[in-house]
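What's in start23.cif: mmCIF, C-alpha atoms and all ligand atoms
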data_query
#
loop_
_atom_site.label_atom_id
_atom_site.label_comp_id
_atom_site.auth_asym_id
_atom_site.auth_seq_id
_atom_site.Cartn_x
_atom_site.Cartn_y
_atom_site.Cartn_z
CA MET A 1 -88.58 19.65 74.75
CA ASN A 2 -91.46 20.45 72.35
CA LEU A 3 -94.34 18.22 73.30
CA LEU A 4 -96.65 19.22 70.45
CA LEU A 5 -97.14 16.52 67.83
CA GLU A 6 -94.97 17.05 64.79
CA LYS A 7 -97.03 17.77 61.66
CA THR A 8 -96.50 14.36 60.11
CA ASP A 9 -97.02 12.46 63.37
CA LYS A 10 -100.31 10.96 64.54
CA ILE A 11 -101.51 9.03 67.55
CA ARG A 12 -104.36 6.71 66.68
CA LEU A 13 -106.43 3.91 68.16
CA ILE A 14 -105.88 0.66 66.34
CA GLN A 15 -108.92 -1.36 65.30
CA GLU A 16 -109.82 -4.62 67.01
CA GLY A 17 -108.27 -7.53 65.17
CA SER A 18 -105.31 -5.49 63.85
CA LYS A 19 -101.83 -6.92 64.12
CA LEU A 20 -100.38 -5.98 67.52
CA PRO A 21 -96.95 -4.30 67.68
CA TYR A 22 -95.41 -6.93 69.98
CA ASP A 23 -91.89 -5.77 69.08
CA LEU A 24 -92.69 -2.46 70.82
CA LEU A 25 -94.87 -3.91 73.60
CA LEU A 26 -91.98 -6.23 74.51
CA LEU A 27 -89.77 -3.22 75.29
CA ALA A 28 -92.06 -2.49 78.26
CA ASP A 29 -92.91 -6.00 79.41
CA GLU A 30 -90.91 -9.19 79.77
CA THR A 31 -92.83 -11.77 77.76
CA ILE A 32 -95.64 -12.14 75.21
CA GLU A 33 -97.41 -14.28 77.81
CA ALA A 34 -97.39 -11.38 80.31
CA ILE A 35 -98.61 -8.95 77.59
CA ASP A 36 -101.39 -11.30 76.49
CA LYS A 37 -102.87 -11.18 80.00
CA TYR A 38 -104.02 -7.58 79.46
CA ILE A 39 -103.62 -6.60 75.84
CA HIS A 40 -106.83 -8.19 74.53
CA ASP A 41 -108.92 -6.18 77.03
CA SER A 42 -107.06 -2.93 76.31
CA GLU A 43 -107.39 -0.11 73.82
CA ILE A 44 -104.16 0.15 71.90
CA TYR A 45 -102.91 3.46 70.55
CA ILE A 46 -99.97 3.77 68.21
CA TYR A 47 -97.69 6.71 67.49
CA GLN A 48 -97.16 6.95 63.74
CA ARG A 49 -94.76 8.99 61.65
CA GLU A 50 -95.88 8.60 58.06
CA SER A 51 -96.31 4.83 57.75
CA GLU A 52 -93.90 3.94 60.53
CA THR A 53 -95.07 2.95 64.01
CA LEU A 54 -92.70 4.50 66.54
CA GLY A 55 -94.59 4.00 69.77
CA VAL A 56 -97.48 2.29 71.48
CA TYR A 57 -99.54 2.57 74.61
CA ALA A 58 -102.31 0.37 75.98
CA LEU A 59 -105.18 1.63 78.16
CA GLN A 60 -107.33 -0.63 80.28
CA MET A 61 -110.26 0.28 82.52
CA PHE A 62 -109.25 -0.25 86.15
CA ASP A 63 -112.54 0.61 87.85
CA GLY A 64 -115.42 3.06 87.32
CA GLU A 65 -113.27 6.09 88.04
CA SER A 66 -109.78 5.03 86.95
CA ILE A 67 -108.09 3.86 83.78
CA GLU A 68 -104.58 2.40 83.64
CA ILE A 69 -101.75 2.64 81.14
CA LYS A 70 -100.71 -1.01 81.08
CA ASN A 71 -97.88 -0.65 78.58
CA ILE A 72 -96.06 2.27 76.97
CA ALA A 73 -93.05 1.96 74.70
CA VAL A 74 -91.09 3.89 72.11
CA SER A 75 -88.90 2.35 69.43
CA LYS A 76 -85.29 2.25 70.70
CA THR A 77 -83.98 4.50 67.94
CA CYS A 78 -86.54 7.23 68.75
CA GLN A 79 -86.36 7.30 72.54
CA GLY A 80 -85.51 10.65 74.11
CA GLU A 81 -87.30 12.69 71.37
CA GLY A 82 -90.41 13.43 73.44
CA ILE A 83 -92.62 10.71 71.95
CA GLY A 84 -93.16 9.01 75.33
CA GLN A 85 -94.31 12.25 76.94
CA ARG A 86 -96.59 13.04 73.97
CA MET A 87 -98.22 9.63 74.35
CA LEU A 88 -98.66 10.16 78.11
CA LEU A 89 -100.36 13.52 77.48
CA ASN A 90 -102.55 11.89 74.82
CA ALA A 91 -103.54 9.08 77.22
CA MET A 92 -104.53 11.68 79.82
CA GLU A 93 -106.68 13.50 77.25
CA GLN A 94 -108.39 10.24 76.19
CA ALA A 95 -109.09 9.36 79.81
CA LYS A 96 -110.35 12.84 80.69
CA ASP A 97 -112.60 13.05 77.60
CA ARG A 98 -114.20 9.76 78.60
CA GLY A 99 -114.98 11.00 82.09
CA PHE A 100 -112.39 9.11 84.15
CA LYS A 101 -111.24 10.84 87.30
CA TYR A 102 -107.81 9.22 87.54
CA ILE A 103 -105.19 7.68 85.29
CA LEU A 104 -102.78 5.12 86.74
CA ILE A 105 -99.44 3.73 85.64
CA GLY A 106 -97.20 1.16 87.32
CA THR A 107 -93.46 0.69 87.09
CA SER A 108 -90.65 -0.90 89.04
CA ASN A 109 -88.57 0.43 91.90
CA ALA A 110 -85.53 0.43 89.56
CA ALA A 111 -87.08 2.21 86.55
CA PHE A 112 -85.57 5.64 87.22
CA ARG A 113 -86.13 7.15 83.79
CA GLN A 114 -89.77 6.05 83.70
CA LEU A 115 -90.35 7.40 87.22
CA TYR A 116 -88.82 10.70 86.12
CA ILE A 117 -91.00 11.04 83.01
CA TYR A 118 -94.22 10.01 84.73
CA GLN A 119 -93.70 12.53 87.54
CA LYS A 120 -92.65 15.19 85.03
CA VAL A 121 -96.08 14.96 83.36
CA GLY A 122 -97.91 15.08 86.67
CA PHE A 123 -98.26 11.54 88.04
CA GLU A 124 -97.68 11.09 91.78
CA ILE A 125 -96.68 7.95 93.64
CA TYR A 126 -99.86 6.45 95.02
CA GLU A 127 -99.23 2.85 96.09
CA VAL A 128 -96.39 0.37 96.51
CA LYS A 129 -97.11 -3.23 95.55
CA LYS A 130 -94.51 -4.95 97.69
CA ASP A 131 -92.65 -7.86 96.04
CA PHE A 132 -94.83 -7.65 92.90
CA TYR A 133 -92.01 -8.68 90.52
CA THR A 134 -90.55 -11.39 92.75
CA LYS A 135 -94.01 -12.95 93.15
CA ASN A 136 -95.11 -12.68 89.50
CA TYR A 137 -91.97 -13.55 87.52
CA SER A 138 -90.06 -16.82 87.80
CA GLN A 139 -86.63 -15.23 87.21
CA GLN A 140 -85.05 -12.30 89.04
CA LEU A 141 -85.39 -9.22 86.83
CA VAL A 142 -82.73 -6.50 86.89
CA GLU A 143 -82.80 -2.91 85.62
CA ASN A 144 -80.17 -0.19 86.05
CA GLY A 145 -78.11 -2.72 88.01
CA LEU A 146 -80.82 -3.13 90.66
CA PRO A 147 -83.21 -6.04 91.27
CA LEU A 148 -86.83 -5.35 90.37
CA ASN A 149 -88.81 -6.17 93.48
CA HIS A 150 -91.66 -3.77 94.03
CA MET A 151 -94.12 -2.05 91.74
CA LEU A 152 -94.75 1.63 92.27
CA VAL A 153 -98.20 2.70 91.13
CA LEU A 154 -98.46 6.35 90.13
CA ARG A 155 -101.71 8.22 89.71
CA LYS A 156 -102.79 11.51 88.19
CA GLN A 157 -106.07 13.26 88.91
CA LEU A 158 -107.56 14.42 85.63
CA ASN A 159 -109.83 17.27 86.53
CA ASP A 160 -107.07 19.76 87.45
N1 LIG A 201 -82.44 8.27 76.91
C1 LIG A 201 -83.42 9.13 76.58
N2 LIG A 201 -83.95 10.05 77.45
C2 LIG A 201 -83.45 10.10 78.69
C3 LIG A 201 -82.41 9.22 79.10
C4 LIG A 201 -81.92 8.27 78.16
N3 LIG A 201 -80.95 7.39 78.47
N4 LIG A 201 -82.15 9.49 80.39
C5 LIG A 201 -82.96 10.48 80.77
N5 LIG A 201 -83.71 10.87 79.74
C6 LIG A 201 -84.72 11.93 79.85
C7 LIG A 201 -84.79 12.86 78.65
O1 LIG A 201 -83.90 13.92 78.80
C8 LIG A 201 -86.23 13.31 78.71
O2 LIG A 201 -86.43 14.27 79.71
P1 LIG A 201 -86.64 15.84 79.37
O3 LIG A 201 -87.95 15.95 78.64
O4 LIG A 201 -86.69 16.48 80.72
O5 LIG A 201 -85.47 16.23 78.54
C9 LIG A 201 -86.95 12.06 79.19
O6 LIG A 201 -86.00 11.30 79.92
C10 LIG A 201 -87.39 11.23 78.02
O7 LIG A 201 -88.65 11.71 77.61
P2 LIG A 201 -89.28 11.21 76.25
O8 LIG A 201 -88.36 11.43 75.12
O9 LIG A 201 -90.65 11.77 76.16
O10 LIG A 201 -89.41 9.65 76.53
P3 LIG A 201 -89.33 8.47 75.45
O11 LIG A 201 -89.90 8.85 74.15
O12 LIG A 201 -87.99 7.86 75.46
O13 LIG A 201 -90.37 7.43 76.11
C11 LIG A 201 -90.32 5.47 77.48
C12 LIG A 201 -90.19 6.99 77.44
C13 LIG A 201 -91.73 5.07 77.04
C14 LIG A 201 -90.10 5.01 78.93
C15 LIG A 201 -89.27 4.87 76.51
O14 LIG A 201 -87.99 5.26 76.91
C16 LIG A 201 -89.32 3.35 76.40
O15 LIG A 201 -89.99 2.82 75.52
N6 LIG A 201 -88.58 2.63 77.25
C17 LIG A 201 -88.56 1.17 77.20
C18 LIG A 201 -89.89 0.58 77.57
C19 LIG A 201 -90.34 0.98 78.96
O16 LIG A 201 -89.58 0.94 79.94
N7 LIG A 201 -91.64 1.34 79.07
C20 LIG A 201 -92.28 1.70 80.34
C21 LIG A 201 -92.51 0.49 81.19
S1 LIG A 201 -93.76 0.75 82.45
C22 LIG A 201 -95.23 0.53 81.60
O17 LIG A 201 -95.23 0.18 80.46
C23 LIG A 201 -96.50 0.78 82.34
#
Rewrite the structure from the file as structure tokens, please.
Amino acid sequence: MNLLLEKTDKIRLIQEGSKLPYDLLLLADETIEAIDKYIHDSEIYIYQRESETLGVYALQMFDGESIEIKNIAVSKTCQGEGIGQRMLLNAMEQAKDRGFKYILIGTSNAAFRQLYIYQKVGFEIYEVKKDFYTKNYSQQLVENGLPLNHMLVLRKQLND
């Protein structure tokens, strides 16, 4: 898959106060309430093709040496074209340029495709947050026919 940005595509930081692409953010998180807990303290980048927004990712400082991708999503009709991996590479560049040592991303035990993509671009499993989904969501969430119970946190070192 070609991971270079197509000529007419851009990834850009959206300005504070801009309308947030909740339709996309909701593909990666369950509710607006859950998104609102982190989105207002995050930098939000959008993937644009001409005037159309096809993807989003949100970066939030985790601590002095790490930054976290809190949300990443690609419009359903454009998934599988490489946009997700381009945004992950872009997030790593942003984090590296700003001097962070690590970039983190969390996903569920049942999110096989996400786990595949994150490891493909160099993230490694770093921590398991046991029962994260059962403790933080009132209803049982299911993905790929499996209950979402635990969060897997993946981390990539940026100076290699
Ligand atoms: N559809 C598409 N690709 C698939 C599928 C499938 N059903 N199954 C496996 N793949 C593979 C592709 O072959 C490709 O691998 P390859 O490069 O080796 O060929 C890879 O998975 C897909 O790579 P991309 O095209 O770069 O990924 P995409 O643009 O679809 O973005 C993302 C990935 C962000 C996970 C997107 O699918 C999405 O928005 N999903 C819904 C929201 C979501 O789950 N977000 C992550 C939640 S965790 C968090 O936000 C921190």
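If you count all atoms listed in the file and draw a sphere of 12 Å around (-108.5, 5.5, 72.7), the protein and nucleic acid residues inside it come out as A:Ile11, A:Arg12, A:Leu13, A:Ile14, A:Gln15, A:Glu16, A:Ser42, A:Glu43, A:Ile44, A:Tyr45, A:Ile46, A:Val56, A:Tyr57, A:Ala58, A:Leu59, A:Gln60, A:Met61, A:Ile67, A:Ile69, A:Met87, A:Asn90, A:Ala91, A:Met92, A:Glu93, A:Gln94, A:Ala95, A:Lys96, A:Asp97, A:Arg98.
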Inset, instruction - With a distance cut-off of 8 Å and all atoms listed in the file, select the neighbouring residues of region 128-141 of chain A, excluding the residue or stretch itself and same-chain residues fewer than 5 positions from it, and output the selection as a ChimeraX atom specification. - result: /A:147-153
Writer output for current selection, C-alpha atoms, as an mmCIF file, in the frame of the given file:
data_model
loop_
_atom_site.group_PDB
_atom_site.id
_atom_site.type_symbol
_atom_site.label_atom_id
_atom_site.label_comp_id
_atom_site.auth_asym_id
_atom_site.auth_seq_id
_atom_site.Cartn_x
_atom_site.Cartn_y
_atom_site.Cartn_z
ATOM 1 C CA PRO A 147 -83.210 -6.040 91.270
ATOM 2 C CA LEU A 148 -86.830 -5.350 90.370
ATOM 3 C CA ASN A 149 -88.810 -6.170 93.480
ATOM 4 C CA HIS A 150 -91.660 -3.770 94.030
ATOM 5 C CA MET A 151 -94.120 -2.050 91.740
ATOM 6 C CA LEU A 152 -94.750 1.630 92.270
ATOM 7 C CA VAL A 153 -98.200 2.700 91.130
#
Legend entry - Point-to-point distance in Å for atom C22 of ligand LIG 201 (chain A) and CA of Asn144 (chain A):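 That distance, rounded to one decimal, is 15.7 Å.
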Legend entry - Which residue of A:Glu52, A:Asp36, A:Glu127, A:Asp29 approaches ligand LIG 201 (chain A) most closely, using only C-alpha atoms and all ligand atoms: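 Selected residue with least distance to ligand LIG 201 (chain A): A:Asp29.
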Inset, instruction - Take the point (-106.7, 12.8, 87.3) as written in the file and pick out every residue within 8 Å of it, counting all atoms listed in the file; give the list as an MDAnalysis selection string. - result: chainID A and resid 92 96 100:103 155:160
Legend entry - Selected residue, from A:Val142, A:Ile105, A:Ile39, A:Ala110, that lies nearest to ligand LIG 201 (chain A) when counting only C-alpha atoms and all ligand atoms: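 When distances to ligand LIG 201 (chain A) are compared using only C-alpha atoms and all ligand atoms, the smallest one comes from A:Ile105.
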Counting all atoms listed in the file, what residues are within 9 Å of ligand LIG 201 (chain A), given as a compact mmCIF listing (two decimals) with C-alpha atoms, in the coordinates of the input?
# COMPACT_ATOMS: atom_id res chain seq x y z
CA MET A 1 -88.58 19.65 74.75
CA ASN A 2 -91.46 20.45 72.35
CA LEU A 3 -94.34 18.22 73.30
CA LEU A 24 -92.69 -2.46 70.82
CA LEU A 25 -94.87 -3.91 73.60
CA LEU A 26 -91.98 -6.23 74.51
CA LEU A 27 -89.77 -3.22 75.29
CA ALA A 28 -92.06 -2.49 78.26
CA ASP A 29 -92.91 -6.00 79.41
CA GLY A 55 -94.59 4.00 69.77
CA VAL A 56 -97.48 2.29 71.48
CA TYR A 57 -99.54 2.57 74.61
CA ALA A 58 -102.31 0.37 75.98
CA GLU A 68 -104.58 2.40 83.64
CA ILE A 69 -101.75 2.64 81.14
CA LYS A 70 -100.71 -1.01 81.08
CA ASN A 71 -97.88 -0.65 78.58
CA ILE A 72 -96.06 2.27 76.97
CA ALA A 73 -93.05 1.96 74.70
CA VAL A 74 -91.09 3.89 72.11
CA SER A 75 -88.90 2.35 69.43
CA LYS A 76 -85.29 2.25 70.70
CA CYS A 78 -86.54 7.23 68.75
CA GLN A 79 -86.36 7.30 72.54
CA GLY A 80 -85.51 10.65 74.11
CA GLU A 81 -87.30 12.69 71.37
CA GLY A 82 -90.41 13.43 73.44
CA ILE A 83 -92.62 10.71 71.95
CA GLY A 84 -93.16 9.01 75.33
CA GLN A 85 -94.31 12.25 76.94
CA ARG A 86 -96.59 13.04 73.97
CA MET A 87 -98.22 9.63 74.35
CA LEU A 88 -98.66 10.16 78.11
CA LEU A 104 -102.78 5.12 86.74
CA ILE A 105 -99.44 3.73 85.64
CA GLY A 106 -97.20 1.16 87.32
CA THR A 107 -93.46 0.69 87.09
CA SER A 108 -90.65 -0.90 89.04
CA ALA A 111 -87.08 2.21 86.55
CA PHE A 112 -85.57 5.64 87.22
CA ARG A 113 -86.13 7.15 83.79
CA GLN A 114 -89.77 6.05 83.70
CA LEU A 115 -90.35 7.40 87.22
CA TYR A 116 -88.82 10.70 86.12
CA ILE A 117 -91.00 11.04 83.01
CA TYR A 118 -94.22 10.01 84.73
CA LYS A 120 -92.65 15.19 85.03
Legend entry - Counting all atoms listed in the file, the option among A:Leu5, A:Glu143, A:Ala34, A:His40 closest to Lys19 (chain A):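 Under the stated criterion, the closest residue is A:His40.
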Legend entry - Interatomic distance (Å, one decimal) between CA of Tyr126 (chain A) and CA of Ser66 (chain A):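 About the pair CA of Tyr126 (chain A) and CA of Ser66 (chain A): they are 12.9 Å apart.
Distance-wise, CA of Ser18 (chain A) and CA of Gln48 (chain A) end up 14.9 Å apart.
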Any chance you could work out the axis-aligned box around region 33-44 of chain A, listed atoms only, 4 Å on each side, giving centre and edge lengths in Å to one decimal, as AutoDock Vina command-line options?
--center_x -103.2 --center_y -7.1 --center_z 76.1 --size_x 19.5 --size_y 22.4 --size_z 16.4
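Minimum atom-to-atom distances from A:Phe62, A:Gly99, A:Leu89, A:Thr77 to Leu4 (chain A) were compared using only C-alpha atoms, and the lowest value belongs to A:Leu89.
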Using the block above, I'd like region 101-114 of chain A written out, keeping N, CA, C and O atoms and formatting it as a short mmCIF file (atom, residue, chain, number, x, y, z; two decimals), in the first residue's frame.
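The resulting part_3.cif:
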data_model
loop_
_atom_site.label_atom_id
_atom_site.label_comp_id
_atom_site.auth_asym_id
_atom_site.auth_seq_id
_atom_site.Cartn_x
_atom_site.Cartn_y
_atom_site.Cartn_z
N LYS A 101 9.17 11.55 23.43
CA LYS A 101 9.97 10.34 23.29
C LYS A 101 9.09 9.16 22.86
O LYS A 101 9.55 8.25 22.18
N TYR A 102 7.83 9.20 23.30
CA TYR A 102 6.93 8.07 23.00
C TYR A 102 5.59 8.58 22.49
O TYR A 102 5.14 9.65 22.89
N ILE A 103 4.95 7.74 21.68
CA ILE A 103 3.55 7.99 21.31
C ILE A 103 2.76 6.75 21.71
O ILE A 103 3.23 5.62 21.54
N LEU A 104 1.60 6.98 22.29
CA LEU A 104 0.77 5.90 22.83
C LEU A 104 -0.54 5.83 22.07
O LEU A 104 -1.03 6.85 21.55
N ILE A 105 -1.15 4.65 22.06
CA ILE A 105 -2.51 4.51 21.53
C ILE A 105 -3.15 3.32 22.24
O ILE A 105 -2.49 2.32 22.50
N GLY A 106 -4.43 3.48 22.59
CA GLY A 106 -5.12 2.39 23.29
C GLY A 106 -6.24 1.84 22.44
O GLY A 106 -6.90 2.58 21.72
N THR A 107 -6.46 0.54 22.54
CA THR A 107 -7.60 -0.07 21.86
C THR A 107 -8.03 -1.31 22.63
O THR A 107 -7.38 -1.72 23.58
N SER A 108 -9.14 -1.90 22.17
CA SER A 108 -9.70 -3.00 22.97
C SER A 108 -9.08 -4.35 22.61
O SER A 108 -8.50 -4.52 21.54
N ASN A 109 -9.29 -5.28 23.48
CA ASN A 109 -8.84 -6.67 23.26
C ASN A 109 -9.45 -7.27 21.99
O ASN A 109 -8.89 -8.19 21.41
N ALA A 110 -10.61 -6.75 21.53
CA ALA A 110 -11.31 -7.35 20.40
C ALA A 110 -11.10 -6.60 19.09
O ALA A 110 -11.65 -6.97 18.05
N ALA A 111 -10.28 -5.53 19.12
CA ALA A 111 -10.13 -4.69 17.92
C ALA A 111 -8.97 -5.21 17.06
O ALA A 111 -7.90 -4.61 17.00
N PHE A 112 -9.21 -6.32 16.38
CA PHE A 112 -8.11 -7.02 15.69
C PHE A 112 -7.49 -6.17 14.59
O PHE A 112 -6.28 -6.12 14.42
N ARG A 113 -8.36 -5.50 13.80
CA ARG A 113 -7.82 -4.73 12.67
C ARG A 113 -6.96 -3.58 13.17
O ARG A 113 -5.88 -3.31 12.65
N GLN A 114 -7.45 -2.90 14.23
CA GLN A 114 -6.69 -1.79 14.78
C GLN A 114 -5.35 -2.28 15.33
O GLN A 114 -4.30 -1.68 15.10
#
